[in-house]
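> See coords20.txt below, with compact mmCIF, C-alpha atoms.
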# COMPACT_ATOMS: atom_id res chain seq x y z
CA MET A 152 5.13 0.03 -28.92
CA PHE A 153 8.63 0.03 -27.45
CA LYS A 154 9.22 3.71 -26.86
CA ASN A 155 6.11 4.55 -24.91
CA GLU A 156 6.06 1.77 -22.38
CA THR A 157 7.09 3.48 -19.14
CA PRO A 158 5.90 2.75 -15.59
CA LYS A 159 4.16 6.07 -15.08
CA ASN A 160 0.64 4.94 -14.40
CA ILE A 161 0.71 3.06 -11.12
CA LYS A 162 -3.03 3.19 -10.62
CA ASP A 163 -3.47 -0.01 -12.61
CA THR A 164 -0.33 -1.58 -11.20
CA GLU A 165 -0.52 -3.87 -8.19
CA THR A 166 3.21 -4.14 -7.65
CA ILE A 167 6.28 -2.03 -8.39
CA ILE A 168 9.69 -3.42 -7.51
CA GLY A 169 11.81 -0.27 -7.62
CA GLU A 170 15.50 0.15 -8.39
CA SER A 171 16.58 0.14 -4.77
CA VAL A 172 14.74 -3.04 -3.84
CA MET A 173 15.55 -6.76 -4.08
CA VAL A 174 12.87 -9.44 -3.86
CA GLU A 175 13.69 -13.08 -3.12
CA GLY A 176 11.28 -16.01 -3.23
CA GLU A 177 8.01 -17.04 -4.79
CA PHE A 178 6.24 -13.91 -5.95
CA ASN A 179 2.61 -14.63 -6.80
CA GLY A 180 0.84 -11.48 -7.90
CA HIS A 181 -2.67 -10.68 -9.04
CA GLY A 182 -2.33 -7.86 -11.50
CA ASN A 183 0.25 -5.82 -13.32
CA VAL A 184 3.84 -5.89 -12.06
CA ILE A 185 6.61 -3.41 -12.84
CA ILE A 186 10.18 -4.47 -12.07
CA GLU A 187 13.00 -1.94 -12.06
CA GLY A 188 15.05 -3.66 -9.32
CA LYS A 189 16.21 -7.21 -8.61
CA LEU A 190 14.16 -10.37 -8.33
CA ASN A 191 15.44 -13.85 -7.45
CA GLY A 192 13.07 -16.81 -7.39
CA ASN A 193 9.86 -17.14 -9.39
CA LEU A 194 7.31 -14.62 -10.61
CA ASN A 195 3.72 -15.60 -11.38
CA THR A 196 0.94 -13.16 -12.15
CA ASP A 197 -2.30 -13.12 -14.09
CA GLY A 198 -1.52 -9.60 -15.32
CA HIS A 199 1.11 -7.76 -17.34
CA VAL A 200 4.80 -7.77 -16.41
CA LEU A 201 7.08 -4.88 -17.31
CA VAL A 202 10.80 -5.47 -16.82
CA GLY A 203 12.71 -2.17 -16.93
CA GLU A 204 16.13 -1.56 -18.45
CA LYS A 205 17.97 -1.64 -15.12
CA ALA A 206 16.13 -4.69 -13.78
CA GLU A 207 18.02 -7.91 -13.03
CA ILE A 208 15.85 -10.99 -12.80
CA ASN A 209 17.01 -14.45 -11.82
CA ALA A 210 13.62 -16.06 -12.03
CA ASN A 211 11.15 -17.94 -14.16
CA ILE A 212 8.36 -15.61 -15.23
CA LYS A 213 4.75 -16.64 -15.85
CA ALA A 214 2.33 -13.90 -16.87
CA SER A 215 -0.50 -12.96 -19.15
CA SER A 216 1.68 -10.57 -21.16
CA ALA A 217 5.08 -8.96 -20.74
CA PHE A 218 7.43 -6.24 -21.91
CA ILE A 219 11.12 -7.00 -21.31
CA SER A 220 13.86 -4.39 -21.59
CA GLY A 221 16.25 -5.60 -18.84
CA LEU A 222 18.17 -8.74 -17.90
CA VAL A 223 16.25 -11.97 -17.36
CA LYS A 224 17.95 -15.24 -16.41
CA GLY A 225 15.14 -17.77 -16.45
CA ASN A 226 12.33 -19.14 -18.55
CA ILE A 227 9.52 -16.88 -19.69
CA ASN A 228 6.03 -18.34 -20.14
CA ILE A 229 3.49 -15.85 -21.47
CA ASN A 230 -0.15 -16.65 -22.20
CA ASP A 231 -0.63 -13.83 -24.64
CA SER A 232 1.89 -11.40 -26.13
CA LEU A 233 5.55 -10.75 -25.30
CA ASP A 234 7.45 -7.61 -26.36
CA VAL A 235 11.24 -7.68 -26.18
CA ALA A 236 13.04 -4.32 -26.40
CA LYS A 237 16.50 -3.75 -27.86
CA THR A 238 18.08 -3.41 -24.40
CA ALA A 239 16.78 -6.79 -23.21
CA ILE A 240 19.05 -9.73 -22.45
CA ILE A 241 17.18 -13.00 -21.95
CA ASN A 242 19.02 -16.16 -20.92
CA GLY A 243 16.27 -18.76 -20.96
CA ASP A 244 13.50 -20.32 -23.00
CA ILE A 245 10.48 -18.33 -24.12
CA LYS A 246 6.91 -19.53 -24.66
CA ALA A 247 4.31 -17.04 -25.83
CA GLN A 248 1.24 -16.80 -28.01
CA SER A 249 2.87 -13.99 -29.97
CA ILE A 250 6.17 -12.14 -29.76
CA ALA A 251 7.51 -8.81 -30.99
CA VAL A 252 11.27 -8.41 -30.89
CA GLU A 253 13.22 -5.20 -31.37
CA ALA A 254 16.54 -5.26 -33.20
CA GLY A 255 19.51 -5.34 -30.83
CA CYS A 256 18.15 -7.52 -28.04
CA GLN A 257 19.87 -10.73 -26.96
CA ILE A 258 17.98 -13.99 -26.51
CA ASN A 259 19.82 -17.17 -25.53
CA GLY A 260 17.31 -20.00 -25.53
CA LYS A 261 14.41 -21.64 -27.32
CA ILE A 262 11.48 -19.57 -28.48
CA ASN A 263 8.07 -21.22 -28.79
CA ILE A 264 5.38 -19.17 -30.49
CA GLY A 265 1.74 -20.20 -30.37
CA THR A 266 0.33 -23.26 -28.66
CA ASN A 267 1.73 -25.74 -31.16
CA PRO A 268 5.30 -26.76 -30.20
CA SER A 269 6.11 -27.50 -33.84
CA LYS A 270 6.00 -23.78 -34.46
CA ALA A 271 9.22 -23.34 -32.52
CA LEU A 272 10.98 -20.54 -34.28
CA TYR A 273 14.53 -20.77 -33.09
CA GLU A 274 16.53 -23.51 -31.47
CA LYS A 275 19.31 -22.72 -29.03
CA GLY A 276 22.62 -22.00 -30.77
CA ASN A 277 21.51 -22.29 -34.37
CA THR A 278 22.08 -18.73 -35.48
CA THR A 279 25.23 -17.30 -33.95
CA LYS A 280 28.54 -18.57 -32.69
CA LYS A 281 28.01 -17.83 -28.96
CA ASN A 282 24.51 -19.22 -28.62
CA LYS A 283 23.35 -15.66 -28.95
CA ILE A 284 20.36 -14.92 -31.10
CA ILE A 285 20.10 -11.40 -32.34
CA VAL A 286 16.64 -10.96 -33.78
CA SER A 287 15.82 -8.05 -36.01
CA SER A 288 12.37 -6.58 -36.39
CA GLU A 289 12.10 -8.18 -39.84
CA SER A 290 12.28 -11.56 -38.18
CA GLU A 291 8.75 -11.15 -36.85
CA LYS A 292 7.48 -11.98 -40.32
CA MET A 293 8.93 -15.47 -40.00
CA THR A 294 6.26 -16.39 -37.47
CA ASP A 295 3.51 -16.07 -40.09
CA MET B 229 -26.19 7.26 25.35
CA TYR B 230 -23.47 9.39 23.77
CA LEU B 231 -20.07 9.81 25.41
CA TYR B 232 -18.30 12.99 24.24
CA ILE B 233 -14.53 12.87 24.67
CA TYR B 234 -13.02 16.37 24.61
CA ASP B 235 -9.36 16.90 23.78
CA SER B 236 -7.41 18.70 26.49
CA CYS B 237 -6.64 21.51 24.01
CA LEU B 238 -10.29 22.59 24.10
CA LYS B 239 -9.54 24.42 27.35
CA GLU B 240 -7.70 27.00 25.29
CA LYS B 241 -9.48 30.29 24.81
CA LYS B 242 -9.31 30.15 20.99
CA TYR B 243 -11.61 27.10 20.95
CA GLN B 244 -14.29 28.49 23.27
CA LYS B 245 -16.36 30.06 20.51
CA ILE B 246 -16.45 26.92 18.36
CA LEU B 247 -17.16 24.76 21.41
CA ILE B 248 -20.19 26.88 22.38
CA LYS B 249 -21.58 26.49 18.85
CA ILE B 250 -20.99 22.73 18.91
CA GLU B 251 -22.66 22.26 22.29
CA SER B 252 -25.59 24.40 21.24
CA ARG B 253 -26.07 22.32 18.06
CA ILE B 254 -25.86 19.08 20.07
CA ILE B 255 -28.71 20.30 22.26
CA ASP B 256 -30.77 21.35 19.21
CA LEU B 257 -30.39 17.92 17.66
CA ASP B 258 -31.12 16.18 20.96
CA ILE B 259 -27.97 14.09 20.89
CA LYS B 260 -26.75 15.09 24.34
CA GLY B 261 -24.49 12.86 26.40
CA LYS B 262 -21.84 12.67 29.04
CA ILE B 263 -18.72 14.82 28.54
CA LEU B 264 -15.29 13.51 29.39
CA ARG B 265 -12.26 15.80 29.22
CA LEU B 266 -8.96 14.11 28.42
CA ASN B 267 -5.89 14.74 30.52
CA MET B 268 -2.61 12.98 31.16
CA LEU B 269 -3.89 11.17 34.23
CA LYS B 270 -6.88 9.47 32.65
CA ASN B 271 -6.68 6.05 31.08
CA ILE B 272 -9.00 6.25 28.07
CA ASN B 273 -9.42 2.49 27.73
CA GLU B 274 -10.52 2.15 31.33
CA ILE B 275 -12.93 5.07 31.21
CA VAL B 276 -14.53 4.00 27.93
CA ARG B 277 -14.98 0.47 29.27
CA GLU B 278 -16.73 1.81 32.38
CA GLU B 279 -19.00 4.11 30.36
CA VAL B 280 -19.92 1.35 27.92
CA GLU B 281 -20.86 -0.83 30.89
CA LYS B 282 -23.09 2.04 32.06
CA GLY B 283 -24.82 2.14 28.68
CA ALA B 284 -22.79 4.37 26.34
CA HIS B 285 -23.36 3.19 22.75
CA THR B 286 -21.54 5.94 20.84
CA ILE B 287 -18.20 7.64 21.56
CA VAL B 288 -17.86 11.07 19.96
CA VAL B 289 -14.36 12.48 19.71
CA VAL B 290 -14.25 16.28 19.90
CA GLY B 291 -10.79 17.42 18.89
CA ASN B 292 -8.30 16.75 16.12
CA ASP B 293 -6.90 13.72 14.29
CA LYS B 294 -4.52 12.98 17.14
CA THR B 295 -7.42 12.83 19.57
CA PHE B 296 -9.38 10.59 17.20
CA ASN B 297 -6.36 8.28 16.91
CA SER B 298 -6.01 8.00 20.66
CA VAL B 299 -9.57 6.75 21.09
CA ILE B 300 -9.63 4.15 18.30
CA GLU B 301 -8.22 1.35 20.42
CA SER B 302 -10.86 1.90 23.11
CA ALA B 303 -13.65 1.91 20.52
CA ILE B 304 -12.45 -1.37 19.01
CA LYS B 305 -11.84 -3.13 22.32
CA ASN B 306 -15.27 -2.13 23.62
CA ASP B 307 -16.99 -2.73 20.27
CA VAL B 308 -18.62 0.68 20.33
CA LEU B 309 -19.57 3.13 17.56
CA ILE B 310 -17.29 6.14 17.07
CA GLY B 311 -18.20 9.62 15.81
CA TYR B 312 -16.04 12.67 15.20
CA ILE B 313 -16.43 16.41 15.69
CA PRO B 314 -13.27 17.98 14.27
CA ILE B 315 -12.42 21.43 15.58
CA GLU B 316 -9.82 22.19 12.93
CA LYS B 317 -8.78 21.01 9.45
CA SER B 318 -8.67 17.26 9.58
CA ALA B 319 -7.53 14.64 7.09
CA PHE B 320 -9.67 11.93 8.67
CA ALA B 321 -12.73 14.17 8.61
CA GLU B 322 -12.27 14.80 4.90
CA ILE B 323 -12.04 11.07 4.22
CA PHE B 324 -15.11 10.40 6.36
CA GLY B 325 -17.04 13.31 4.80
CA ILE B 326 -17.38 15.22 8.08
CA PRO B 327 -17.34 19.06 8.08
CA ILE B 328 -15.43 21.04 10.70
CA GLY B 329 -17.16 22.45 13.78
CA GLU B 330 -20.87 22.51 14.59
CA LEU B 331 -21.92 21.28 11.11
CA SER B 332 -20.43 17.90 11.99
CA CYS B 333 -23.21 17.47 14.57
CA ASN B 334 -25.64 16.99 11.67
CA ILE B 335 -23.51 14.04 10.50
CA LEU B 336 -23.68 12.54 14.00
CA SER B 337 -27.43 12.93 14.01
CA GLY B 338 -27.70 11.37 10.52
CA ARG B 339 -25.95 8.22 11.75
CA ILE B 340 -24.67 6.77 8.50
CA ILE B 341 -22.49 3.94 9.84
CA LYS B 342 -19.61 2.32 7.95
CA LYS B 343 -17.33 -0.47 9.07
CA ILE B 344 -13.74 0.35 8.16
CA ASP B 345 -10.48 -1.60 8.17
CA ILE B 346 -7.88 -0.96 10.83
CA GLY B 347 -4.19 -1.73 10.63
CA LYS B 348 -2.65 -3.76 13.41
CA ILE B 349 1.02 -3.78 14.39
CA ASN B 350 1.76 -6.44 16.99
CA GLN B 351 -1.05 -5.78 19.51
CA LYS B 352 -1.52 -2.07 18.65
CA PHE B 353 -3.97 -0.55 16.19
CA PHE B 354 -3.35 2.16 13.59
CA ILE B 355 -5.79 3.86 11.30
CA ASN B 356 -3.47 5.71 8.95
CA SER B 357 0.05 4.38 8.38
CA ILE B 358 3.32 3.11 9.79
CA ILE B 359 6.72 4.51 8.84
CA ILE B 360 10.31 3.33 9.12
CA GLU B 361 12.75 6.10 8.29
CA ASN B 362 16.23 5.17 7.09
CA ALA B 363 15.40 1.48 6.70
CA GLN B 364 18.90 0.15 7.28
CA ASP B 365 19.13 -3.67 7.39
CA ILE B 366 15.36 -4.05 7.30
CA GLU B 367 13.89 -7.21 5.79
CA LEU B 368 10.20 -7.44 4.96
CA LYS B 369 8.46 -10.79 4.53
CA ILE B 370 5.22 -11.03 2.56
CA GLU B 371 3.71 -14.46 1.87
CA ASP B 372 6.50 -16.54 0.28
CA PHE B 373 8.94 -13.78 -0.58
CA LYS B 374 11.31 -11.39 1.17
CA ILE B 375 12.08 -7.78 0.33
CA LYS B 376 15.43 -6.16 1.05
CA THR B 377 15.99 -2.45 0.61
CA GLU B 378 18.86 -0.02 0.44
CA ASN B 379 19.91 1.72 3.64
CA HIS B 380 18.43 5.18 3.20
CA ASN B 381 15.05 4.09 1.96
CA LYS B 382 11.85 4.95 3.78
CA ILE B 383 9.21 2.27 4.31
CA ILE B 384 5.57 3.28 4.61
CA ILE B 385 2.65 0.87 5.12
CA LYS B 386 -0.72 2.54 4.60
CA ASN B 387 -4.23 1.64 5.59
CA LEU B 388 -5.59 5.06 4.66
CA ASP B 389 -3.83 7.43 2.30
CA ILE B 390 -4.64 10.75 3.94
CA GLU B 391 -2.33 12.66 1.62
CA LYS B 392 -3.84 11.55 -1.67
CA GLN B 393 -7.26 10.87 -0.22
CA GLU B 394 -7.71 8.25 -2.92
CA THR B 395 -8.24 5.50 -0.49
CA ASN B 396 -10.62 2.75 0.36
CA PRO B 397 -10.62 1.75 4.03
CA THR B 398 -12.98 -1.10 3.27
CA ASP B 399 -10.85 -3.02 0.73
CA GLY B 400 -9.03 -5.23 3.26
CA ILE B 401 -5.65 -4.32 1.78
CA LEU B 402 -2.51 -2.60 3.07
CA GLU B 403 -0.28 -0.71 0.65
CA LEU B 404 3.46 -0.97 1.26
CA PHE B 405 5.62 1.78 -0.26
CA ILE B 406 9.42 1.82 -0.27
CA GLU B 407 10.72 5.26 -1.17
CA LYS B 408 14.24 6.02 -2.25
CA PRO B 409 14.95 9.70 -1.68
CA GLY B 410 16.05 11.81 -4.62
CA ASN B 411 19.53 13.36 -4.74
CA PHE B 412 21.07 16.64 -5.88
CA PHE B 413 20.83 15.68 -9.54
CA ASN B 414 17.52 13.91 -9.41
CA LYS B 415 15.04 15.39 -6.95
CA ASN B 416 12.38 12.81 -7.71
CA ASN B 417 11.84 9.97 -5.26
CA THR B 418 11.63 6.52 -6.77
CA HIS B 419 9.40 4.05 -5.09
CA SER B 420 8.27 0.47 -4.86
CA LEU B 421 4.73 -0.64 -4.20
CA PHE B 422 3.31 -3.91 -2.85
CA THR B 423 -0.26 -4.65 -1.81
CA THR B 424 -0.76 -7.18 0.94
CA LYS B 425 -2.70 -8.22 4.02
CA LYS B 426 0.28 -9.11 6.18
CA VAL B 427 3.91 -8.00 6.46
CA VAL B 428 6.55 -9.22 8.89
CA ILE B 429 9.24 -6.61 9.60
CA ASN B 430 12.65 -7.74 10.85
CA SER B 431 15.90 -5.95 11.39
CA LEU B 432 19.00 -7.90 10.36
CA SER B 433 21.08 -5.90 12.88
CA GLU B 434 19.95 -3.82 15.88
CA PRO B 435 16.23 -3.14 16.51
CA ARG B 436 14.79 -0.27 14.45
CA THR B 437 12.08 2.17 15.44
CA ILE B 438 8.70 1.96 13.72
CA ILE B 439 6.46 5.03 13.96
CA PHE B 440 2.73 4.40 13.60
CA ASP B 441 0.01 7.00 13.21
CA GLU B 442 2.68 9.69 13.50
CA PHE B 443 2.99 9.81 17.28
CA GLN B 444 3.28 6.23 18.54
CA SER B 445 6.29 3.94 18.17
CA LEU B 446 7.67 0.49 18.80
CA ASN B 447 10.76 -1.47 17.79
CA THR B 448 11.34 -4.30 15.32
CA PRO B 449 10.49 -7.15 15.00
CA ALA B 450 6.85 -6.50 14.18
CA THR B 451 3.98 -8.16 12.39
CA VAL B 452 1.65 -5.84 10.53
CA ASN B 453 -1.73 -6.99 9.30
CA ILE B 454 -5.16 -5.64 8.60
CA ALA B 455 -8.29 -6.16 10.64
CA THR B 456 -11.15 -5.89 8.19
CA GLU B 457 -14.36 -4.06 9.08
CA LYS B 458 -13.10 -3.60 12.61
CA LEU B 459 -14.16 -0.05 13.45
CA ASN B 460 -17.71 1.29 13.23
CA VAL B 461 -17.59 4.96 12.27
CA ILE B 462 -20.32 7.55 11.71
CA VAL B 463 -19.62 9.10 8.31
CA GLY B 464 -21.12 11.75 6.05
CA SER B 465 -22.56 11.41 2.58
CA GLU B 466 -19.51 13.32 1.22
CA ARG B 467 -17.11 10.58 2.35
CA LYS B 468 -14.27 9.53 0.03
CA PHE B 469 -15.12 5.85 -0.08
Since I need it in another form, could you write the structure as structure tokens?


Amino acid sequence: MFKNETPKNIKDTETIIGESVMVEGEFNGHGNVIIEGKLNGNLNTDGHVLVGEKAEINANIKASSAFISGLVKGNININDSLDVAKTAIINGDIKAQSIAVEAGCQINGKINIGTNPSKALYEKGNTTKKNKIIVSSESEKMTD
Amino acid sequence: MYLYIYDSCLKEKKYQKILIKIESRIIDLDIKGKILRLNMLKNINEIVREEVEKGAHTIVVVGNDKTFNSVIESAIKNDVLIGYIPIEKSAFAEIFGIPIGELSCNILSGRIIKKIDIGKINQKFFINSIIIENAQDIELKIEDFKIKTENHNKIIIKNLDIEKQETNPTDGILELFIEKPGNFFNKNNTHSLFTTKKVVINSLSEPRTIIFDEFQSLNTPATVNIATEKLNVIVGSERKF
């Protein structure tokens, strides 16, 4: 799941924000979006979002599904599934139908899984000293 | 009535043989018309307008992709059908499914007509792409967001993709590529891709040159958009779209 997700197939991708590019503003896409560069503002799409390891995002993200392996400062709202890789740093709240988290990533914020808010898995600052949540792959079982 | 526009290069001896075959095939198929030979002194727009007023309904470009490009604006402004007889290997002809030389006359005679999109930069038209080399201090605005790039990047906005020939000139979309050239250690270019209908190009410092359809140019600022189903072209059944 985590190792094979690379932005090689651009045929199905509407937008690629490459390493040497910075986007500022309201980005409303209609399809899959790959981000390897910088984005400031907001990102909305009805497709999949892939945030690469070198990406720096200062934005709220709304998408159907997402794979995060870079830096995101902002809230993430995903209709379906969210995958967080070990290189990801997320400073913001997460809402998703389901989430898969690789050991080593950093998430600073609330995580809401499923549509029912009472299923909130983690609250900000309740696991580590510096408000940093380090979630191992075993933690996925806690959502059941 | 057909109006045949001959490129000035057809005067060269090497094209005489192919031209005789083309003209012979035109007579066989009974699609004769007036012949106009391009030269530096003639204003294509003016001549096409006059011929359309006299009853020309189809302009046929006999030449290469550069010749075809030079006639597009006249065809659009006069709302007239355009056909193409390529005399050498041609990217446009491959996309339109038109063979080289006298065989293309059969396509003309078949008259399969498609309306294709045309790119527009300020008040000029382009069929293929626009390019900004070394995009220093260039800012691109699409809808509600802005794109800034590194200095040595190359910006390409495509209507047709004549290199890949995986293109659809009827989708109403422009593809914007930003390429970062590779270096000594990494030869591969990295690129960004955006799909859009309108892009505003500004330079944050001095005006930058924008090349469109390889041989025309203008300076920033510029607004690029797409005119959907703007050009009526005679195409073959082997077309790529």

> Looking at only C-alpha atoms, which of B:Phe324, B:Phe440, B:Tyr312, B:Phe405 is the one that sits closest to His419 in chain B?

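Distance minimum relative to His419 in chain B lands on B:Phe405.
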
> When the cut-off is 10 Å and we count all atoms listed in the file, which residues of chain B are near chain A, given as a CSV table (one decimal) with C-alpha atoms, in the frame of the given file?


chain,number,residue,atom,x,y,z
B,367,GLU,CA,13.9,-7.2,5.8
B,368,LEU,CA,10.2,-7.4,5.0
B,369,LYS,CA,8.5,-10.8,4.5
B,370,ILE,CA,5.2,-11.0,2.6
B,371,GLU,CA,3.7,-14.5,1.9
B,372,ASP,CA,6.5,-16.5,0.3
B,373,PHE,CA,8.9,-13.8,-0.6
B,374,LYS,CA,11.3,-11.4,1.2
B,375,ILE,CA,12.1,-7.8,0.3
B,376,LYS,CA,15.4,-6.2,1.0
B,377,THR,CA,16.0,-2.4,0.6
B,378,GLU,CA,18.9,0.0,0.4
B,379,ASN,CA,19.9,1.7,3.6
B,380,HIS,CA,18.4,5.2,3.2
B,381,ASN,CA,15.0,4.1,2.0
B,403,GLU,CA,-0.3,-0.7,0.6
B,404,LEU,CA,3.5,-1.0,1.3
B,405,PHE,CA,5.6,1.8,-0.3
B,406,ILE,CA,9.4,1.8,-0.3
B,407,GLU,CA,10.7,5.3,-1.2
B,408,LYS,CA,14.2,6.0,-2.2
B,418,THR,CA,11.6,6.5,-6.8
B,419,HIS,CA,9.4,4.0,-5.1
B,420,SER,CA,8.3,0.5,-4.9
B,421,LEU,CA,4.7,-0.6,-4.2
B,422,PHE,CA,3.3,-3.9,-2.8
B,423,THR,CA,-0.3,-4.6,-1.8
B,424,THR,CA,-0.8,-7.2,0.9

> Which residue out of B:Ser302, B:Ser357, B:Asn297, B:Ser465 has the minimum interatomic distance to Leu388 in chain B when all atoms listed in the file are used?

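Using all atoms listed in the file, Leu388 in chain B sits closest to B:Ser357.
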
> Would you kindly identify which residues have an atom no farther than 8 Å from (17.3, -19.8, -24.4), using only C-alpha atoms and the file's own coordinates, and write them out as a list in words?

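Here is the list of nearby residues: Asn226, Ile241, Asn242, Gly243, Asp244, Ile245, Ile258, Asn259, Gly260, Lys261, Ile262 and Lys275 of chain A.
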
> Excluding Gly325 in chain B and its own-chain neighbours fewer than 2 positions away, which residues fall within 7 Å of it when counting all atoms listed in the file? Please give them as a list in words.

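My list of contacting residues is Ala321, Glu322, Ile323, Pro327, Val463, Gly464, Ser465, Glu466, Arg467 and Lys468 of chain B.
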
> Include C-alpha atoms and write out the residues we just selected as an mmCIF file, in the frame of the given file.


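Result written to selection.cif:
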data_model
loop_
_atom_site.group_PDB
_atom_site.id
_atom_site.type_symbol
_atom_site.label_atom_id
_atom_site.label_comp_id
_atom_site.auth_asym_id
_atom_site.auth_seq_id
_atom_site.Cartn_x
_atom_site.Cartn_y
_atom_site.Cartn_z
ATOM 1 C CA ALA B 321 -12.730 14.170 8.610
ATOM 2 C CA GLU B 322 -12.270 14.800 4.900
ATOM 3 C CA ILE B 323 -12.040 11.070 4.220
ATOM 4 C CA PRO B 327 -17.340 19.060 8.080
ATOM 5 C CA VAL B 463 -19.620 9.100 8.310
ATOM 6 C CA GLY B 464 -21.120 11.750 6.050
ATOM 7 C CA SER B 465 -22.560 11.410 2.580
ATOM 8 C CA GLU B 466 -19.510 13.320 1.220
ATOM 9 C CA ARG B 467 -17.110 10.580 2.350
ATOM 10 C CA LYS B 468 -14.270 9.530 0.030
#

> Do you have the CA of Val289 in chain B-CA of Thr451 in chain B distance handy?

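A separation of 28.6 Å between them.
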